[in-house]
$ cat data.pdb   # PDB, C-alpha atoms and all ligand atoms
ATOM      1  CA  MET A1170       6.739  14.445  -6.417
ATOM      2  CA  VAL A1171       5.264  11.145  -7.489
ATOM      3  CA  LEU A1172       2.172  11.647  -5.376
ATOM      4  CA  LYS A1173       0.616  14.835  -4.055
ATOM      5  CA  VAL A1174      -2.491  14.815  -1.876
ATOM      6  CA  GLU A1175      -3.897  18.043  -0.461
ATOM      7  CA  ASN A1176      -6.928  18.175   1.832
ATOM      8  CA  LEU A1177      -8.459  14.911   0.682
ATOM      9  CA  SER A1178     -11.768  13.845   2.234
ATOM     10  CA  VAL A1179     -13.929  10.781   1.677
ATOM     11  CA  THR A1180     -17.495  10.582   2.936
ATOM     12  CA  TYR A1181     -19.984   7.732   2.899
ATOM     13  CA  GLY A1182     -23.432   9.212   3.460
ATOM     14  CA  GLN A1183     -23.205  11.018   6.792
ATOM     15  CA  LYS A1184     -19.874   9.431   7.713
ATOM     16  CA  THR A1185     -16.575  11.194   7.095
ATOM     17  CA  ALA A1186     -14.147   8.285   6.645
ATOM     18  CA  VAL A1187     -11.183  10.494   5.669
ATOM     19  CA  ASP A1188     -11.001  14.078   6.860
ATOM     20  CA  ARG A1189      -8.840  16.582   4.944
ATOM     21  CA  ILE A1190      -5.591  14.672   4.887
ATOM     22  CA  SER A1191      -2.470  15.872   3.054
ATOM     23  CA  PHE A1192       0.783  14.164   2.149
ATOM     24  CA  GLN A1193       3.379  13.888  -0.595
ATOM     25  CA  VAL A1194       5.626  11.070  -1.741
ATOM     26  CA  LYS A1195       8.962  11.566  -3.528
ATOM     27  CA  PRO A1196      10.661   9.080  -5.883
ATOM     28  CA  GLY A1197      12.600   6.497  -3.884
ATOM     29  CA  HIS A1198      10.610   7.166  -0.737
ATOM     30  CA  VAL A1199       8.400   4.807   1.265
ATOM     31  CA  PHE A1200       5.345   6.363   2.847
ATOM     32  CA  GLY A1201       3.482   4.448   5.554
ATOM     33  CA  LEU A1202      -0.239   4.994   5.991
ATOM     34  CA  LEU A1203      -1.092   3.692   9.436
ATOM     35  CA  GLY A1204      -4.097   3.439  11.709
ATOM     36  CA  ALA A1205      -6.404   1.027  13.478
ATOM     37  CA  ASN A1206      -9.063  -1.037  11.678
ATOM     38  CA  GLY A1207     -11.555   1.362  10.177
ATOM     39  CA  ALA A1208      -9.279   4.432  10.530
ATOM     40  CA  GLY A1209      -9.608   5.245   6.819
ATOM     41  CA  LYS A1210      -6.522   3.745   5.145
ATOM     42  CA  SER A1211      -8.276   1.768   2.401
ATOM     43  CA  SER A1212     -10.653   4.659   1.733
ATOM     44  CA  THR A1213      -7.648   6.966   1.310
ATOM     45  CA  ILE A1214      -5.946   4.628  -1.139
ATOM     46  CA  ALA A1215      -9.130   4.055  -3.123
ATOM     47  CA  ALA A1216      -9.667   7.829  -3.329
ATOM     48  CA  VAL A1217      -6.059   8.490  -4.327
ATOM     49  CA  LEU A1218      -6.420   5.940  -7.137
ATOM     50  CA  GLY A1219      -9.612   7.636  -8.281
ATOM     51  CA  ILE A1220     -11.690   4.520  -7.509
ATOM     52  CA  GLU A1221     -13.551   6.136  -4.599
ATOM     53  CA  LYS A1222     -15.154   9.573  -4.847
ATOM     54  CA  SER A1223     -13.402  12.273  -2.834
ATOM     55  CA  THR A1224     -13.102  16.007  -2.399
ATOM     56  CA  HIS A1225      -9.609  17.484  -2.527
ATOM     57  CA  ASP A1226      -7.708  20.678  -3.194
ATOM     58  CA  GLU A1227      -5.070  18.718  -5.056
ATOM     59  CA  LEU A1228      -4.653  15.110  -6.090
ATOM     60  CA  GLY A1229      -1.870  14.183  -8.478
ATOM     61  CA  ILE A1230       0.013  11.027  -9.361
ATOM     62  CA  VAL A1231       3.117  11.695 -11.461
ATOM     63  CA  GLY A1232       1.670  15.119 -12.132
ATOM     64  CA  LYS A1233      -1.661  13.839 -13.436
ATOM     65  CA  SER A1234      -5.104  13.587 -11.948
ATOM     66  CA  PRO A1235      -6.137   9.971 -11.285
ATOM     67  CA  VAL A1236      -9.730  11.140 -11.657
ATOM     68  CA  ARG A1237      -9.391  12.880 -15.037
ATOM     69  CA  ASN A1238      -6.506  10.816 -16.481
ATOM     70  CA  ARG A1239      -7.350   7.470 -14.969
ATOM     71  CA  LYS A1240      -6.042   5.353 -17.844
ATOM     72  CA  GLU A1241      -2.714   7.141 -18.085
ATOM     73  CA  VAL A1242      -2.160   7.109 -14.337
ATOM     74  CA  PHE A1243      -3.091   3.418 -14.215
ATOM     75  CA  GLN A1244      -0.190   2.625 -16.570
ATOM     76  CA  GLN A1245       2.356   4.080 -14.162
ATOM     77  CA  VAL A1246       1.043   2.791 -10.871
ATOM     78  CA  GLY A1247       1.136  -0.681  -9.336
ATOM     79  CA  VAL A1248      -1.435  -1.866  -6.848
ATOM     80  CA  GLN A1249      -1.368  -4.846  -4.509
ATOM     81  CA  PHE A1250      -4.697  -5.436  -2.873
ATOM     82  CA  GLN A1251      -5.261  -7.064   0.492
ATOM     83  CA  GLU A1252      -7.111  -9.986  -1.016
ATOM     84  CA  THR A1253      -6.545 -10.545  -4.681
ATOM     85  CA  ASN A1254      -9.143 -12.919  -6.065
ATOM     86  CA  PHE A1255      -7.839 -15.267  -8.692
ATOM     87  CA  GLN A1256      -9.952 -17.488 -10.911
ATOM     88  CA  ASP A1257      -9.991 -21.147  -9.877
ATOM     89  CA  LYS A1258      -8.188 -22.653 -12.844
ATOM     90  CA  LEU A1259      -5.588 -19.959 -13.320
ATOM     91  CA  THR A1260      -1.890 -20.883 -13.212
ATOM     92  CA  VAL A1261       0.837 -18.540 -11.975
ATOM     93  CA  SER A1262       2.089 -17.862 -15.485
ATOM     94  CA  GLU A1263      -1.469 -17.228 -16.792
ATOM     95  CA  ALA A1264      -2.102 -14.793 -13.944
ATOM     96  CA  CYS A1265       1.096 -12.936 -14.861
ATOM     97  CA  ARG A1266       0.216 -12.820 -18.560
ATOM     98  CA  GLN A1267      -3.308 -11.584 -17.886
ATOM     99  CA  TRP A1268      -1.836  -8.822 -15.773
ATOM    100  CA  GLN A1269       0.817  -7.989 -18.388
ATOM    101  CA  ALA A1270      -1.924  -7.613 -21.005
ATOM    102  CA  LEU A1271      -3.384  -4.687 -19.042
ATOM    103  CA  TYR A1272      -0.239  -2.610 -19.425
ATOM    104  CA  ARG A1273       1.684  -1.060 -22.289
ATOM    105  CA  LYS A1274       5.064  -2.050 -20.830
ATOM    106  CA  SER A1275       6.107  -4.920 -18.642
ATOM    107  CA  ALA A1276       8.969  -5.788 -16.358
ATOM    108  CA  ASP A1277      11.132  -8.849 -17.039
ATOM    109  CA  LEU A1278       8.831 -11.609 -15.814
ATOM    110  CA  PRO A1279      11.379 -14.431 -15.267
ATOM    111  CA  ALA A1280      13.487 -12.002 -13.220
ATOM    112  CA  LEU A1281      10.483 -10.992 -11.117
ATOM    113  CA  LEU A1282       9.535 -14.654 -10.530
ATOM    114  CA  GLN A1283      13.095 -15.278  -9.387
ATOM    115  CA  THR A1284      13.097 -12.217  -7.131
ATOM    116  CA  PHE A1285       9.895 -13.273  -5.410
ATOM    117  CA  GLY A1286      10.815 -16.940  -5.046
ATOM    118  CA  LEU A1287       8.233 -18.151  -7.544
ATOM    119  CA  ALA A1288      10.532 -19.425 -10.298
ATOM    120  CA  GLY A1289       9.590 -23.043 -11.029
ATOM    121  CA  LYS A1290       5.984 -22.466  -9.900
ATOM    122  CA  GLU A1291       4.799 -21.041 -13.220
ATOM    123  CA  LYS A1292       2.556 -24.008 -14.041
ATOM    124  CA  GLN A1293       1.050 -24.338 -10.573
ATOM    125  CA  LEU A1294      -2.546 -23.284 -10.004
ATOM    126  CA  VAL A1295      -2.645 -20.035  -8.043
ATOM    127  CA  LYS A1296      -5.202 -21.498  -5.669
ATOM    128  CA  LEU A1297      -2.747 -24.283  -4.779
ATOM    129  CA  LEU A1298       0.023 -21.856  -3.802
ATOM    130  CA  SER A1299       0.630 -21.427  -0.087
ATOM    131  CA  GLY A1300      -0.795 -18.270   1.485
ATOM    132  CA  GLY A1301       2.661 -16.700   1.567
ATOM    133  CA  GLU A1302       3.377 -17.572  -2.060
ATOM    134  CA  ARG A1303       0.054 -16.077  -3.133
ATOM    135  CA  GLN A1304       0.926 -12.938  -1.206
ATOM    136  CA  ARG A1305       4.289 -12.719  -2.992
ATOM    137  CA  LEU A1306       2.513 -13.209  -6.308
ATOM    138  CA  ALA A1307       0.221 -10.271  -5.506
ATOM    139  CA  VAL A1308       3.263  -8.043  -4.903
ATOM    140  CA  LEU A1309       4.922  -9.344  -8.079
ATOM    141  CA  LEU A1310       1.809  -8.479 -10.107
ATOM    142  CA  ALA A1311       1.829  -4.956  -8.697
ATOM    143  CA  LEU A1312       5.368  -4.533 -10.039
ATOM    144  CA  ILE A1313       4.669  -5.879 -13.539
ATOM    145  CA  PRO A1314       4.002  -2.447 -15.127
ATOM    146  CA  GLU A1315       7.425  -1.211 -13.902
ATOM    147  CA  PRO A1316       5.580   1.425 -11.919
ATOM    148  CA  LYS A1317       6.991   4.680 -10.587
ATOM    149  CA  LEU A1318       4.675   4.293  -7.608
ATOM    150  CA  VAL A1319       3.286   1.183  -5.985
ATOM    151  CA  PHE A1320       0.551   0.779  -3.378
ATOM    152  CA  LEU A1321       1.079  -2.167  -1.051
ATOM    153  CA  ASP A1322      -1.792  -3.008   1.253
ATOM    154  CA  GLU A1323      -0.788  -5.113   4.262
ATOM    155  CA  LEU A1324       2.306  -6.283   2.480
ATOM    156  CA  THR A1325       3.509  -9.167   4.619
ATOM    157  CA  THR A1326       0.399 -10.275   6.502
ATOM    158  CA  GLY A1327       0.582 -14.071   6.660
ATOM    159  CA  LEU A1328       4.207 -14.349   5.599
ATOM    160  CA  ASP A1329       6.784 -16.214   7.661
ATOM    161  CA  THR A1330       9.775 -14.371   9.122
ATOM    162  CA  LYS A1331      12.187 -15.293   6.357
ATOM    163  CA  ALA A1332       9.722 -14.415   3.588
ATOM    164  CA  ARG A1333       9.043 -11.012   5.210
ATOM    165  CA  ARG A1334      12.773 -10.239   5.399
ATOM    166  CA  MET A1335      13.270 -11.316   1.783
ATOM    167  CA  LEU A1336      10.406  -9.141   0.628
ATOM    168  CA  TRP A1337      11.672  -6.127   2.564
ATOM    169  CA  LYS A1338      15.112  -6.605   1.033
ATOM    170  CA  GLN A1339      13.697  -6.693  -2.494
ATOM    171  CA  LEU A1340      11.596  -3.613  -1.893
ATOM    172  CA  LEU A1341      14.538  -1.696  -0.423
ATOM    173  CA  THR A1342      16.538  -2.460  -3.572
ATOM    174  CA  MET A1343      13.657  -1.218  -5.731
ATOM    175  CA  LYS A1344      13.355   1.875  -3.547
ATOM    176  CA  GLU A1345      17.062   2.581  -4.094
ATOM    177  CA  ASN A1346      16.321   2.436  -7.809
ATOM    178  CA  GLY A1347      13.725   5.182  -7.399
ATOM    179  CA  LEU A1348      10.484   3.284  -6.787
ATOM    180  CA  ALA A1349       8.074   5.215  -4.565
ATOM    181  CA  ILE A1350       5.941   3.090  -2.254
ATOM    182  CA  VAL A1351       2.759   3.754  -0.286
ATOM    183  CA  LEU A1352       2.392   1.064   2.332
ATOM    184  CA  THR A1353      -0.284   0.164   4.823
ATOM    185  CA  SER A1354       0.767  -2.098   7.654
ATOM    186  CA  HIS A1355      -0.200  -3.074  11.158
ATOM    187  CA  TYR A1356       3.369  -4.227  11.882
ATOM    188  CA  MET A1357       5.660  -1.599  13.319
ATOM    189  CA  ASP A1358       8.828  -3.642  12.649
ATOM    190  CA  GLU A1359       7.877  -3.524   8.981
ATOM    191  CA  VAL A1360       7.229   0.196   9.150
ATOM    192  CA  GLU A1361      10.630   0.744  10.800
ATOM    193  CA  ALA A1362      12.370  -1.407   8.203
ATOM    194  CA  LEU A1363      10.842   0.354   5.222
ATOM    195  CA  CYS A1364       9.236   3.743   5.840
ATOM    196  CA  ASP A1365      10.870   7.143   5.443
ATOM    197  CA  GLU A1366       7.733   8.900   6.597
ATOM    198  CA  ILE A1367       4.475   7.883   8.243
ATOM    199  CA  LEU A1368       0.986   9.280   8.617
ATOM    200  CA  ILE A1369      -1.199   7.913  11.396
ATOM    201  CA  LEU A1370      -4.959   8.152  10.952
ATOM    202  CA  ARG A1371      -7.495   8.038  13.736
ATOM    203  CA  GLU A1372     -11.128   8.071  12.702
ATOM    204  CA  GLY A1373     -10.161   9.625   9.400
ATOM    205  CA  GLN A1374      -8.047  12.400  10.885
ATOM    206  CA  THR A1375      -4.290  12.853  10.821
ATOM    207  CA  VAL A1376      -2.978  12.431  14.345
ATOM    208  CA  PHE A1377       0.692  12.228  13.356
ATOM    209  CA  HIS A1378       2.643  12.964  10.190
ATOM    210  CA  GLY A1379       6.437  12.832  10.057
ATOM    211  CA  THR A1380       9.446  10.543  10.332
ATOM    212  CA  ILE A1381       9.731   7.626  12.739
ATOM    213  CA  GLN A1382      12.298   9.592  14.740
ATOM    214  CA  GLU A1383       9.862  12.492  15.005
ATOM    215  CA  ALA A1384       7.117  10.113  16.149
ATOM    216  CA  LEU A1385       9.354   8.868  18.978
ATOM    217  CA  ILE A1386      10.222  12.412  20.056
ATOM    218  CA  ALA A1387       6.657  13.750  19.872
ATOM    219  CA  SER A1388       5.254  10.788  21.819
ATOM    220  CA  GLU A1389       8.126  10.588  24.325
ATOM    221  CA  LYS A1390       8.125   6.810  23.781
ATOM    222  CA  THR A1391      11.116   4.590  23.132
ATOM    223  CA  THR A1392       9.548   2.210  20.615
ATOM    224  CA  LEU A1393       7.569   2.954  17.494
ATOM    225  CA  GLU A1394       4.921   0.469  18.592
ATOM    226  CA  ASP A1395       4.280   2.428  21.815
ATOM    227  CA  ALA A1396       4.287   5.721  19.926
ATOM    228  CA  TYR A1397       1.870   4.275  17.377
ATOM    229  CA  LEU A1398      -0.491   2.949  20.065
ATOM    230  CA  LEU A1399      -0.545   6.355  21.712
ATOM    231  CA  PHE A1400      -1.327   8.229  18.499
ATOM    232  CA  ALA A1401      -3.704   5.678  17.022
ATOM    233  CA  GLY A1402      -5.612   5.379  20.264
ATOM    234  CA  GLU A1403      -5.336   1.606  20.266
ATOM    235  CA  GLY A1404      -5.639   1.347  24.039
ATOM    236  CA  GLU A1405      -6.774  -1.499  26.247
ATOM    237  CA  HIS A1406     -10.383  -1.461  25.092
ATOM    238  CA  TRP A1407     -12.321  -1.536  21.803
ATOM    239  CA  GLU A1408     -13.463   1.881  20.696
TER     240      GLU A1408
HETATM  241  N1  LIG A1501     -18.430   1.713   1.090
HETATM  242  C1  LIG A1501     -18.567   2.122   2.346
HETATM  243  N2  LIG A1501     -19.754   2.591   2.802
HETATM  244  C2  LIG A1501     -19.904   3.015   4.062
HETATM  245  N3  LIG A1501     -18.909   3.048   4.982
HETATM  246  C3  LIG A1501     -17.704   2.607   4.583
HETATM  247  C4  LIG A1501     -17.460   2.115   3.260
HETATM  248  N4  LIG A1501     -16.166   1.734   3.183
HETATM  249  C5  LIG A1501     -15.619   1.979   4.384
HETATM  250  N5  LIG A1501     -16.539   2.496   5.236
HETATM  251  C6  LIG A1501     -16.303   2.935   6.624
HETATM  252  O1  LIG A1501     -15.309   3.955   6.587
HETATM  253  C7  LIG A1501     -14.396   3.792   7.657
HETATM  254  C8  LIG A1501     -12.981   3.641   7.123
HETATM  255  O2  LIG A1501     -12.866   2.378   6.501
HETATM  256  P1  LIG A1501     -11.537   1.893   5.766
HETATM  257  O3  LIG A1501     -11.836   0.599   5.086
HETATM  258  O4  LIG A1501     -10.998   2.992   4.939
HETATM  259  O5  LIG A1501     -10.553   1.633   7.021
HETATM  260  P2  LIG A1501      -9.122   0.959   7.076
HETATM  261  O6  LIG A1501      -8.257   1.890   7.849
HETATM  262  O7  LIG A1501      -8.666   0.588   5.715
HETATM  263  O8  LIG A1501      -9.408  -0.349   7.945
HETATM  264  P3  LIG A1501      -8.708  -1.829   7.978
HETATM  265  O9  LIG A1501      -7.412  -1.693   8.708
HETATM  266  O10 LIG A1501      -9.703  -2.611   8.797
HETATM  267  O11 LIG A1501      -8.589  -2.309   6.561
HETATM  268  C9  LIG A1501     -14.888   2.612   8.481
HETATM  269  O12 LIG A1501     -15.657   3.108   9.545
HETATM  270  C10 LIG A1501     -15.750   1.826   7.505
HETATM  271  O13 LIG A1501     -16.774   1.135   8.184
END

$ encode --input "data.pdb" --output "structure tokens"
Amino acid sequence: MVLKVENLSVTYGQKTAVDRISFQVKPGHVFGLLGANGAGKSSTIAAVLGIEKSTHDELGIVGKSPVRNRKEVFQQVGVQFQETNFQDKLTVSEACRQWQALYRKSADLPALLQTFGLAGKEKQLVKLLSGGERQRLAVLLALIPEPKLVFLDELTTGLDTKARRMLWKQLLTMKENGLAIVLTSHYMDEVEALCDEILILREGQTVFHGTIQEALIASEKTTLEDAYLLFAGEGEHWE
């Protein structure tokens, strides 16, 4: 297992944002963490990375505790955040080099730039990239340490149809090569294209955990989107 989470809870004051959730991710598997706004996805990821305080029976990334062995775990894990803030005067190549400097090993940068359609943009200021290009850069940066496990938060939000397909294709190739991925997404077509297993959170609690096929059967729905809406409680009104 690349990631093992057993009975993980996150609380903020009186509020339980994540309530005793458990899941595991194998090499070459894509795990989808789903749920409505505020369901607890970001809190889960922050806790799994050891950034947010949590209680748990077990929490291990590549067999190590991200709380006790934060530095070592950091070297083997890639993270793409929802909104990566780049300095104003930073070029694409400077952003990549700064990121590379954080890690002991680094993937082949020209190859990654090619893969993510950013070859030829090395000298451009990051802030002048299009939204979609910046998003692809954030995914590229997450892959720089040649991680065994990568966390992708709202992977293709803001990308056009072609860019989404291209990104999925690249990630599926990396998955075939053994990369494990934890993904959060609000797009069920993306989840269907990529995920081997999903966990749906509702107010911090697990309301479904299994494969997409199992979600369809358990919900008696014909599309994942309908099944998701049923489990996540995203009905016709705000909660
Ligand atoms: N630092 C914090 N202090 C207090 N409450 C917090 C804090 N961070 C998150 N919360 C609350 O915890 C709950 C879970 O938030 P979280 O950000 O994990 O949800 P999410 O599923 O990632 O949502 P989204 O899809 O909107 O990103 C929400 O009710 C949120 O308001």

$ axis_aligned_box --input "data.pdb" --around "segment 1332-1349 of chain A" --padding-each-side "3 Å" --output "lines of an AutoDock Vina configuration file"
center_x = 12.6
center_y = -4.6
center_z = -1.2
size_x = 15.0
size_y = 25.6
size_z = 19.2

$ residues_near_ligand --input "data.pdb" --ligand "ligand LIG 1501 (chain A)" --cutoff "9 Å" --atoms "all atoms listed in the file" --output "PyMOL selection string"
chain A and resi 1179-1182+1184-1187+1202-1215+1221+1251+1322-1323+1353-1355+1370-1373

$ write_last_selection --input "data.pdb" --atoms "C-alpha atoms" --output "compact mmCIF listing (two decimals), keeping the file's coordinate frame"
# COMPACT_ATOMS: atom_id res chain seq x y z
CA VAL A 1179 -13.93 10.78 1.68
CA THR A 1180 -17.50 10.58 2.94
CA TYR A 1181 -19.98 7.73 2.90
CA GLY A 1182 -23.43 9.21 3.46
CA LYS A 1184 -19.87 9.43 7.71
CA THR A 1185 -16.58 11.19 7.10
CA ALA A 1186 -14.15 8.28 6.64
CA VAL A 1187 -11.18 10.49 5.67
CA LEU A 1202 -0.24 4.99 5.99
CA LEU A 1203 -1.09 3.69 9.44
CA GLY A 1204 -4.10 3.44 11.71
CA ALA A 1205 -6.40 1.03 13.48
CA ASN A 1206 -9.06 -1.04 11.68
CA GLY A 1207 -11.56 1.36 10.18
CA ALA A 1208 -9.28 4.43 10.53
CA GLY A 1209 -9.61 5.24 6.82
CA LYS A 1210 -6.52 3.74 5.14
CA SER A 1211 -8.28 1.77 2.40
CA SER A 1212 -10.65 4.66 1.73
CA THR A 1213 -7.65 6.97 1.31
CA ILE A 1214 -5.95 4.63 -1.14
CA ALA A 1215 -9.13 4.06 -3.12
CA GLU A 1221 -13.55 6.14 -4.60
CA GLN A 1251 -5.26 -7.06 0.49
CA ASP A 1322 -1.79 -3.01 1.25
CA GLU A 1323 -0.79 -5.11 4.26
CA THR A 1353 -0.28 0.16 4.82
CA SER A 1354 0.77 -2.10 7.65
CA HIS A 1355 -0.20 -3.07 11.16
CA LEU A 1370 -4.96 8.15 10.95
CA ARG A 1371 -7.50 8.04 13.74
CA GLU A 1372 -11.13 8.07 12.70
CA GLY A 1373 -10.16 9.62 9.40

$ residues_around --input "data.pdb" --residues "Leu1328 of chain A" --least-positions-apart "3" --cutoff "8 Å" --atoms "only C-alpha atoms" --output "CSV table (one decimal) with C-alpha atoms, in the frame of the given file"
chain,number,residue,atom,x,y,z
A,1300,GLY,CA,-0.8,-18.3,1.5
A,1301,GLY,CA,2.7,-16.7,1.6
A,1304,GLN,CA,0.9,-12.9,-1.2
A,1325,THR,CA,3.5,-9.2,4.6
A,1332,ALA,CA,9.7,-14.4,3.6
A,1333,ARG,CA,9.0,-11.0,5.2

$ closest_residue --input "data.pdb" --among "A:Lys1173, A:Lys1274, A:His1225, A:Lys1296" --to "Asp1257 of chain A" --atoms "only C-alpha atoms"
A:Lys1296

$ closest_residue --input "data.pdb" --among "A:Ser1275, A:Gln1267, A:Gln1339, A:Thr1260" --to "Lys1292 of chain A" --atoms "all atoms listed in the file"
A:Thr1260

$ atom_distance --input "data.pdb" --atom1 "atom CA of Leu1309 of chain A" --atom2 "atom CA of Leu1287 of chain A"
9.4 Å

$ resolve_selection --input "data.pdb" --expression "the PyMOL selection byres (((chain A and resi 1347) around 10) and not hetatm)" --output "list of chain:residue names"
A:Lys1195, A:Pro1196, A:Gly1197, A:His1198, A:Lys1317, A:Leu1318, A:Leu1341, A:Thr1342, A:Met1343, A:Lys1344, A:Glu1345, A:Asn1346, A:Leu1348, A:Ala1349, A:Ile1350

$ resolve_selection --input "data.pdb" --expression "the PyMOL selection byres (((chain A and resi 1277) around 12) and not hetatm)" --output "list in words"
Cys1265, Arg1266, Gln1269, Lys1274, Ser1275, Ala1276, Leu1278, Pro1279, Ala1280, Leu1281, Leu1282, Gln1283, Thr1284, Leu1309, Leu1310, Leu1312, Ile1313, Pro1314 and Glu1315 of chain A
